[in-house]
Amino acid sequence: MADSRKSAGRKKNLLIELGTEELPPKALKNLARAFAQNLFQALVDADVVDRDPADYKFYATPRRLAVWVKGVLPQQPDQIEQRKGPTVQAAFDHQGHPTPAARGFARSCGVSVSRLKQQKADKGLRLVFEKKVQGKKLNQVVTEGLGQSIKALPIPKRMRWGSGDAEFVRPVHWLLALYGSDLLRTEVLGLTANRYTQGHRFHCPGRLKIPSADRYSDALATGWVVADYDMRQSMIVKQVTHLAKKAGVQAVIEQNLLDEVTGLVEWPVALLGEFEDKYLQLPEEVLISTMAGHQKYFHLTTDKGRLANYFVAVSNIKSKTPKRVRQGNERVLRPRLSDAAFFWNTDQKVKLDDRIQALKGVLFHRRLGTVYDKTMRIEKLAGLIAKKLDVDATQAQRAARLCKADLVTDMVGEFPELQGIIGKYYALNQGEPKPVADALDAHYKPRAANDDLPRKPLAQCVAIADRVDSLVGIFAAAEIPTGDKDPFALRRAALGLLRIIIEKKLELDLFGLFSQGMKLYAESNLNNIDTADAVVRQVCEYTNERLKGYFQARGFSVEAIASVRAGRPGKPLDFASRLYAVSRFFSKRREAAESLASANKRISNILSKAGFADDCEFDHELIQDEAERSLAIRVATIRSEVNQHFNAGQYDQGLERLSALKAPVDAFFDQVMVMHQDPAIRSNRLALLFSIRQLFLGVADISCMRFDQA
């Protein structure tokens, strides 16, 4: 292959750019990365570049996606195309003459049988046909690679433009392709490549010529475009930090907002703005949401961590009159803050209690009723959960009753992302106990995969009740998530439920929770949903399936998770305890664990093949061998202690006692024939093995474990 690469020509660097209308700023970075990765992989697959991931780089601005690739061959190396035919045994008769199978295969290849080669295969020698295929030129490779790359991009909804049938996330208006300093003739999305791009929409409108692939960034910089995404982001951070320091405050640069702002500008120019300090009387979350969510401004804080009445806006132009730009941003922000203050004052004229009836006008689900109906169910369920966890049930029910009331406030209508947070502030101002008020916000946590959990027990009760009601209800309404479709975010609800129970160490049983949730639906007389026990089991299975991803993300092997699932523990916290114990056992007592895992697998296979009935008990009178006797005595000695440990959730201690079975189990399999010709002796030995397996199933089916996994 080295020779074929050398003969394919001298390597040059490649540049491809798609020029578009403004791309979605939040998705820009991921879109650009995926485009670059996809195209680079297509070039690797075509064998025109090496596989070093450091040899390519993505560029991204609001109006372009680009990728630069180092050391690309001008032509794909020649390939050897191979077709497999019949086995040699089927291709020739006893006299060595070609059979119809051989002749037919040769004819389909356009050659005689004598031109075919023989090659080793799984089933002996096989006829093969090989021919040399000339490698494709780079422009053809790139054209095909671009098509594949664009098709594979993570674009949820594509659009068309003009009279063509091309589809992309936004209309594409130009295609730039350079191979070194040469134009590469390629096509995609109905466009033919040239060597021109576009500069800044305002500072440098019109075409801009790129002299070579390696001069891309420099050439665009003359057109007031910082093409390098990371460089542009660093510029923003530096400018925002500098302005904050100059004003005597500190910048708060949240990554999601930073990514969005980076995706909005091609030539970042940061400006410091100010707003009236009277608005600082509003909750900080309201001000931050107004600045960041609506205006894409960075907020600033004092050295004591309090919100300052300053902000930093990042403009996409370098104005000759920056003062006017700053004043314009302040003028735009002022009415939004004024609206927020109006909503804040107006909302509090109506108590949260009095808003609950208004939830009857907010639909939860067409078959499950309104948010009011959901609130009533959450209230009852939160009280039941509180009693199980020894939490104040009256306060839990109060928090549950108020937890959705802020959905019908003007403030949440304007700032939906503040649901719960606004409820907390209104509840505090209206004299609700702090634990109740805190729960109105915290019961939404975790809002995302890595978000914090509700810290206080009261909030945990409401959070669990809310998720249980959603899971049971949506399943009862036959809206089960399939594939990537999860319109009601049930995966997030299930994972959040598991995280709260496991990480907050709550002794709650999933089947019990879901059964109680289903009972409340049955009592609500919703005749159009299925309230059978089968739905509860289905929800349990769905939620338990989320455990696999949860623990895999924490470094546990698929085999370890499967071994614990085999025991079907009903409590997520118990599942976690078993998994940690099994993993520690395989880590600390490696030799014993591996031996017992192997023995358990052997026992499982023997019992399965023998069709052993579990109603057969071991009889000491039927013992024939000393190794059999020794094993039976050891099992009888430790059984009670092991079961006590497992029943108490002391899985580490139980496994430690079970490790004492290693030597007698090894001796048993070395010296005893399990499948004895006497049916009574055979059944007795199977019963002994069954009792050992049952002991281990008290924690996990360790026969699932691989020796290189823990």
# chains A, B, ... in the order shown; residues from 1 in each chain; ligands from 1

$ closest_atom_pairs --of "stretch 490-594 of chain A" --to "stretch 661-672 of chain A" --cutoff "12 Å" --atoms "only C-alpha atoms" --output "tab-separated table"
residue	atom	partner	partner_atom	distance
A:Arg589	CA	A:Lys662	CA	11.1
A:Arg590	CA	A:Lys662	CA	11.6
A:Glu591	CA	A:Lys662	CA	9.1
A:Ala592	CA	A:Lys662	CA	6.0
A:Ala593	CA	A:Lys662	CA	8.4
A:Glu594	CA	A:Lys662	CA	9.5

$ write_last_selection --atoms "N, CA and C atoms" --output "tab-separated table (two decimals), in the first residue's frame"
chain	number	residue	atom	x	y	z
A	589	ARG	N	-11.30	-9.81	45.58
A	589	ARG	CA	-11.14	-11.27	45.73
A	589	ARG	C	-11.16	-11.91	44.34
A	590	ARG	N	-10.24	-11.48	43.52
A	590	ARG	CA	-10.26	-11.83	42.10
A	590	ARG	C	-10.27	-13.34	41.86
A	591	GLU	N	-9.34	-14.03	42.50
A	591	GLU	CA	-9.20	-15.47	42.25
A	591	GLU	C	-10.46	-16.21	42.65
A	592	ALA	N	-10.96	-15.93	43.85
A	592	ALA	CA	-12.17	-16.60	44.32
A	592	ALA	C	-13.36	-16.23	43.46
A	593	ALA	N	-13.48	-14.97	43.09
A	593	ALA	CA	-14.61	-14.50	42.29
A	593	ALA	C	-14.63	-15.17	40.92
A	594	GLU	N	-13.47	-15.25	40.28
A	594	GLU	CA	-13.40	-15.86	38.96
A	594	GLU	C	-13.74	-17.34	39.03

$ residues_around --residues "A:Ala489" --least-positions-apart "6" --cutoff "12 Å" --atoms "only C-alpha atoms" --output "list of chain:residue names"
A:Arg447, A:Ala448, A:Ala449, A:Arg467, A:Ser470, A:Leu471, A:Ile474, A:Glu479, A:Ile480, A:Pro481, A:Thr482, A:Leu495, A:Gly496

$ write_last_selection --atoms "all heavy atoms" --output "mmCIF file, in the first residue's frame"
data_model
loop_
_atom_site.group_PDB
_atom_site.id
_atom_site.type_symbol
_atom_site.label_atom_id
_atom_site.label_comp_id
_atom_site.auth_asym_id
_atom_site.auth_seq_id
_atom_site.Cartn_x
_atom_site.Cartn_y
_atom_site.Cartn_z
ATOM 1 N N ARG A 447 -33.190 18.913 36.030
ATOM 2 C CA ARG A 447 -33.779 19.383 34.774
ATOM 3 C C ARG A 447 -33.031 18.835 33.562
ATOM 4 O O ARG A 447 -33.573 18.806 32.466
ATOM 5 C CB ARG A 447 -33.764 20.905 34.741
ATOM 6 C CG ARG A 447 -34.775 21.555 35.684
ATOM 7 C CD ARG A 447 -34.743 23.085 35.552
ATOM 8 N NE ARG A 447 -35.878 23.710 36.195
ATOM 9 C CZ ARG A 447 -35.905 24.112 37.459
ATOM 10 N NH1 ARG A 447 -34.831 23.936 38.216
ATOM 11 N NH2 ARG A 447 -36.978 24.687 37.969
ATOM 12 N N ALA A 448 -31.782 18.430 33.767
ATOM 13 C CA ALA A 448 -30.961 17.866 32.687
ATOM 14 C C ALA A 448 -30.150 16.701 33.251
ATOM 15 O O ALA A 448 -30.177 16.438 34.461
ATOM 16 C CB ALA A 448 -30.048 18.928 32.098
ATOM 17 N N ALA A 449 -29.436 16.013 32.372
ATOM 18 C CA ALA A 449 -28.752 14.771 32.754
ATOM 19 C C ALA A 449 -27.797 14.964 33.926
ATOM 20 O O ALA A 449 -27.755 14.139 34.837
ATOM 21 C CB ALA A 449 -28.005 14.204 31.551
ATOM 22 N N ARG A 467 -42.822 12.610 38.786
ATOM 23 C CA ARG A 467 -42.297 11.716 37.747
ATOM 24 C C ARG A 467 -43.061 10.400 37.681
ATOM 25 O O ARG A 467 -43.292 9.864 36.594
ATOM 26 C CB ARG A 467 -40.797 11.482 37.988
ATOM 27 C CG ARG A 467 -39.952 12.703 37.646
ATOM 28 C CD ARG A 467 -38.562 12.648 38.259
ATOM 29 N NE ARG A 467 -37.725 13.755 37.805
ATOM 30 C CZ ARG A 467 -37.795 14.987 38.289
ATOM 31 N NH1 ARG A 467 -38.660 15.267 39.256
ATOM 32 N NH2 ARG A 467 -37.004 15.937 37.819
ATOM 33 N N SER A 470 -46.296 11.009 35.780
ATOM 34 C CA SER A 470 -46.074 11.156 34.336
ATOM 35 C C SER A 470 -45.791 9.808 33.681
ATOM 36 O O SER A 470 -46.369 9.474 32.641
ATOM 37 C CB SER A 470 -44.916 12.119 34.068
ATOM 38 O OG SER A 470 -45.237 13.422 34.475
ATOM 39 N N LEU A 471 -44.907 9.022 34.275
ATOM 40 C CA LEU A 471 -44.537 7.731 33.690
ATOM 41 C C LEU A 471 -45.737 6.797 33.603
ATOM 42 O O LEU A 471 -46.022 6.224 32.538
ATOM 43 C CB LEU A 471 -43.418 7.086 34.515
ATOM 44 C CG LEU A 471 -42.021 7.685 34.327
ATOM 45 C CD1 LEU A 471 -41.110 7.312 35.482
ATOM 46 C CD2 LEU A 471 -41.416 7.215 33.011
ATOM 47 N N ILE A 474 -48.589 8.302 31.073
ATOM 48 C CA ILE A 474 -48.281 8.254 29.639
ATOM 49 C C ILE A 474 -48.259 6.811 29.139
ATOM 50 O O ILE A 474 -48.718 6.524 28.027
ATOM 51 C CB ILE A 474 -46.944 8.962 29.339
ATOM 52 C CG1 ILE A 474 -46.994 10.429 29.789
ATOM 53 C CG2 ILE A 474 -46.611 8.876 27.868
ATOM 54 C CD1 ILE A 474 -48.051 11.262 29.104
ATOM 55 N N GLU A 479 -48.702 5.874 25.106
ATOM 56 C CA GLU A 479 -47.770 6.792 24.431
ATOM 57 C C GLU A 479 -46.336 6.391 24.773
ATOM 58 O O GLU A 479 -45.532 7.212 25.215
ATOM 59 C CB GLU A 479 -48.036 8.233 24.882
ATOM 60 C CG GLU A 479 -49.410 8.749 24.547
ATOM 61 C CD GLU A 479 -49.475 9.393 23.174
ATOM 62 O OE1 GLU A 479 -48.494 9.254 22.416
ATOM 63 O OE2 GLU A 479 -50.500 10.018 22.867
ATOM 64 N N ILE A 480 -46.012 5.127 24.572
ATOM 65 C CA ILE A 480 -44.714 4.579 24.967
ATOM 66 C C ILE A 480 -43.623 5.082 24.019
ATOM 67 O O ILE A 480 -43.794 5.042 22.798
ATOM 68 C CB ILE A 480 -44.763 3.040 24.958
ATOM 69 C CG1 ILE A 480 -45.866 2.562 25.907
ATOM 70 C CG2 ILE A 480 -43.424 2.441 25.350
ATOM 71 C CD1 ILE A 480 -46.176 1.091 25.788
ATOM 72 N N PRO A 481 -42.495 5.572 24.545
ATOM 73 C CA PRO A 481 -41.406 6.045 23.672
ATOM 74 C C PRO A 481 -40.883 4.919 22.784
ATOM 75 O O PRO A 481 -40.746 3.772 23.227
ATOM 76 C CB PRO A 481 -40.323 6.496 24.659
ATOM 77 C CG PRO A 481 -41.025 6.680 25.961
ATOM 78 C CD PRO A 481 -42.160 5.712 25.971
ATOM 79 N N THR A 482 -40.604 5.261 21.538
ATOM 80 C CA THR A 482 -40.031 4.286 20.606
ATOM 81 C C THR A 482 -38.865 4.929 19.885
ATOM 82 O O THR A 482 -38.959 6.061 19.409
ATOM 83 C CB THR A 482 -41.073 3.828 19.562
ATOM 84 O OG1 THR A 482 -41.598 4.987 18.886
ATOM 85 C CG2 THR A 482 -42.222 3.085 20.229
ATOM 86 N N LEU A 495 -34.926 8.489 34.401
ATOM 87 C CA LEU A 495 -33.551 8.625 34.891
ATOM 88 C C LEU A 495 -33.491 9.560 36.092
ATOM 89 O O LEU A 495 -32.767 9.300 37.064
ATOM 90 C CB LEU A 495 -32.648 9.148 33.768
ATOM 91 C CG LEU A 495 -31.153 9.239 34.102
ATOM 92 C CD1 LEU A 495 -30.607 7.887 34.534
ATOM 93 C CD2 LEU A 495 -30.368 9.764 32.909
ATOM 94 N N GLY A 496 -34.264 10.635 36.055
ATOM 95 C CA GLY A 496 -34.309 11.542 37.195
ATOM 96 C C GLY A 496 -34.850 10.855 38.430
ATOM 97 O O GLY A 496 -34.333 11.031 39.543
#

$ residues_around --residues "A:Asp165" --least-positions-apart "3" --cutoff "9 Å" --atoms "only C-alpha atoms" --output "PyMOL selection string"
chain A and resi 160-162+189-190

$ closest_residue --among "A:Lys238, A:Arg326, A:Lys11, A:Lys434" --to "A:Tyr179" --atoms "only C-alpha atoms"
A:Lys11

$ select_by_dssp --residues "stretch 494-698 of chain A" --states "helix (DSSP H, G or I)" --output "PyMOL selection string"
chain A and resi 494-503+510-523+533-552+558-565+572-588+590-610+620-622+626-647+651-671+679-697

$ closest_residue --among "A:Gly305, A:Pro154, A:Pro457, A:Gly473" --to "A:Asp390" --atoms "only C-alpha atoms"
A:Pro457

$ atom_distance --atom1 "atom CA of A:Val111" --atom2 "atom CA of A:Val88"
17.0 Å

$ residues_around --residues "A:Ser289" --least-positions-apart "2" --cutoff "12 Å" --atoms "only C-alpha atoms" --output "count of residues only"
30

$ closest_residue --among "A:Ile606, A:Val564, A:Ile692, A:Ile150" --to "A:Met705" --atoms "only C-alpha atoms"
A:Val564

$ residues_around --residues "A:Gln75" --least-positions-apart "6" --cutoff "7 Å" --atoms "only C-alpha atoms" --output "PDB file with all heavy atoms, in the first residue's frame"
ATOM      1  N   ALA A   8       0.294   7.448  -6.241  1.00  0.00           N
ATOM      2  CA  ALA A   8      -0.922   8.221  -6.450  1.00  0.00           C
ATOM      3  C   ALA A   8      -0.657   9.717  -6.553  1.00  0.00           C
ATOM      4  O   ALA A   8      -1.511  10.472  -6.971  1.00  0.00           O
ATOM      5  CB  ALA A   8      -1.905   7.947  -5.307  1.00  0.00           C
ATOM      6  N   VAL A  48      -7.333   8.224   0.895  1.00  0.00           N
ATOM      7  CA  VAL A  48      -6.565   9.345   0.341  1.00  0.00           C
ATOM      8  C   VAL A  48      -5.915  10.173   1.449  1.00  0.00           C
ATOM      9  O   VAL A  48      -5.173  11.129   1.165  1.00  0.00           O
ATOM     10  CB  VAL A  48      -7.447  10.261  -0.547  1.00  0.00           C
ATOM     11  CG1 VAL A  48      -7.878   9.522  -1.798  1.00  0.00           C
ATOM     12  CG2 VAL A  48      -8.634  10.810   0.227  1.00  0.00           C
ATOM     13  N   GLY A 135      -7.893   3.750  -8.995  1.00  0.00           N
ATOM     14  CA  GLY A 135      -8.445   4.613  -7.952  1.00  0.00           C
ATOM     15  C   GLY A 135      -9.138   5.836  -8.515  1.00  0.00           C
ATOM     16  O   GLY A 135      -8.772   6.354  -9.568  1.00  0.00           O
ATOM     17  N   LYS A 136     -10.157   6.322  -7.784  1.00  0.00           N
ATOM     18  CA  LYS A 136     -10.902   7.505  -8.212  1.00  0.00           C
ATOM     19  C   LYS A 136     -10.062   8.763  -7.996  1.00  0.00           C
ATOM     20  O   LYS A 136      -9.234   8.828  -7.085  1.00  0.00           O
ATOM     21  CB  LYS A 136     -12.192   7.621  -7.402  1.00  0.00           C
ATOM     22  CG  LYS A 136     -13.131   6.441  -7.562  1.00  0.00           C
ATOM     23  CD  LYS A 136     -14.303   6.572  -6.593  1.00  0.00           C
ATOM     24  CE  LYS A 136     -15.217   5.359  -6.682  1.00  0.00           C
ATOM     25  NZ  LYS A 136     -16.306   5.424  -5.667  1.00  0.00           N
ATOM     26  N   LYS A 137     -10.299   9.745  -8.835  1.00  0.00           N
ATOM     27  CA  LYS A 137      -9.639  11.031  -8.657  1.00  0.00           C
ATOM     28  C   LYS A 137     -10.251  11.751  -7.455  1.00  0.00           C
ATOM     29  O   LYS A 137     -11.384  11.498  -7.059  1.00  0.00           O
ATOM     30  CB  LYS A 137      -9.770  11.870  -9.920  1.00  0.00           C
ATOM     31  CG  LYS A 137      -8.972  11.299 -11.088  1.00  0.00           C
ATOM     32  CD  LYS A 137      -9.007  12.227 -12.294  1.00  0.00           C
ATOM     33  CE  LYS A 137      -8.127  11.672 -13.423  1.00  0.00           C
ATOM     34  NZ  LYS A 137      -8.141  12.545 -14.614  1.00  0.00           N
ATOM     35  N   LEU A 138      -9.484  12.686  -6.883  1.00  0.00           N
ATOM     36  CA  LEU A 138      -9.889  13.332  -5.636  1.00  0.00           C
ATOM     37  C   LEU A 138     -11.212  14.063  -5.778  1.00  0.00           C
ATOM     38  O   LEU A 138     -12.037  14.036  -4.857  1.00  0.00           O
ATOM     39  CB  LEU A 138      -8.802  14.307  -5.176  1.00  0.00           C
ATOM     40  CG  LEU A 138      -9.100  15.032  -3.857  1.00  0.00           C
ATOM     41  CD1 LEU A 138      -9.277  14.037  -2.722  1.00  0.00           C
ATOM     42  CD2 LEU A 138      -7.994  16.028  -3.523  1.00  0.00           C
TER      43      LEU A 138
END

$ residues_around --residues "A:Asp509" --least-positions-apart "3" --cutoff "12 Å" --atoms "only C-alpha atoms" --output "VMD selection string"
chain A and resid 385 388 to 389 464 468 497 to 498 501 to 502 506 512 to 516 540 543 to 544 568 to 575

$ residues_around --residues "A:Arg115" --least-positions-apart "2" --cutoff "9 Å" --atoms "only C-alpha atoms" --output "ChimeraX atom specification"
/A:106,111-113,117,129

$ closest_atom_pairs --of "stretch 571-669 of chain A" --to "stretch 683-687 of chain A" --cutoff "10 Å" --atoms "only C-alpha atoms" --output "JSON lines"
{"residue": "A:Ile603", "atom": "CA", "partner": "A:Leu686", "partner_atom": "CA", "distance": 8.6}
{"residue": "A:Ile606", "atom": "CA", "partner": "A:Leu686", "partner_atom": "CA", "distance": 8.1}
{"residue": "A:Leu607", "atom": "CA", "partner": "A:Leu686", "partner_atom": "CA", "distance": 6.8}
{"residue": "A:Ala610", "atom": "CA", "partner": "A:Leu686", "partner_atom": "CA", "distance": 8.4}
{"residue": "A:Gly611", "atom": "CA", "partner": "A:Leu686", "partner_atom": "CA", "distance": 9.9}
{"residue": "A:Phe612", "atom": "CA", "partner": "A:Leu686", "partner_atom": "CA", "distance": 7.1}
{"residue": "A:Ala613", "atom": "CA", "partner": "A:Ala687", "partner_atom": "CA", "distance": 8.7}
{"residue": "A:Asp614", "atom": "CA", "partner": "A:Ala687", "partner_atom": "CA", "distance": 7.6}
{"residue": "A:Asp615", "atom": "CA", "partner": "A:Ala687", "partner_atom": "CA", "distance": 8.8}
{"residue": "A:Cys616", "atom": "CA", "partner": "A:Ala687", "partner_atom": "CA", "distance": 6.2}
{"residue": "A:Glu617", "atom": "CA", "partner": "A:Ala687", "partner_atom": "CA", "distance": 5.8}
{"residue": "A:Phe618", "atom": "CA", "partner": "A:Ala687", "partner_atom": "CA", "distance": 5.2}
{"residue": "A:Asp619", "atom": "CA", "partner": "A:Asn684", "partner_atom": "CA", "distance": 6.4}
{"residue": "A:His620", "atom": "CA", "partner": "A:Asn684", "partner_atom": "CA", "distance": 8.6}
{"residue": "A:Glu621", "atom": "CA", "partner": "A:Asn684", "partner_atom": "CA", "distance": 9.7}
{"residue": "A:Leu622", "atom": "CA", "partner": "A:Asn684", "partner_atom": "CA", "distance": 7.0}
{"residue": "A:Ile623", "atom": "CA", "partner": "A:Asn684", "partner_atom": "CA", "distance": 8.1}
{"residue": "A:Gln624", "atom": "CA", "partner": "A:Arg685", "partner_atom": "CA", "distance": 9.8}
{"residue": "A:Glu628", "atom": "CA", "partner": "A:Arg685", "partner_atom": "CA", "distance": 8.0}
{"residue": "A:Ala632", "atom": "CA", "partner": "A:Arg685", "partner_atom": "CA", "distance": 9.6}

$ closest_residue --among "A:Arg706, A:Arg126, A:Arg107, A:Lys12" --to "A:Asn600" --atoms "only C-alpha atoms"
A:Arg706

$ closest_residue --among "A:Pro268, A:Arg377, A:Asn329, A:Pro211" --to "A:Val237" --atoms "only C-alpha atoms"
A:Pro268

$ closest_residue --among "A:Leu184, A:Ala439, A:Ala386, A:Leu146" --to "A:Leu14" --atoms "only C-alpha atoms"
A:Leu184
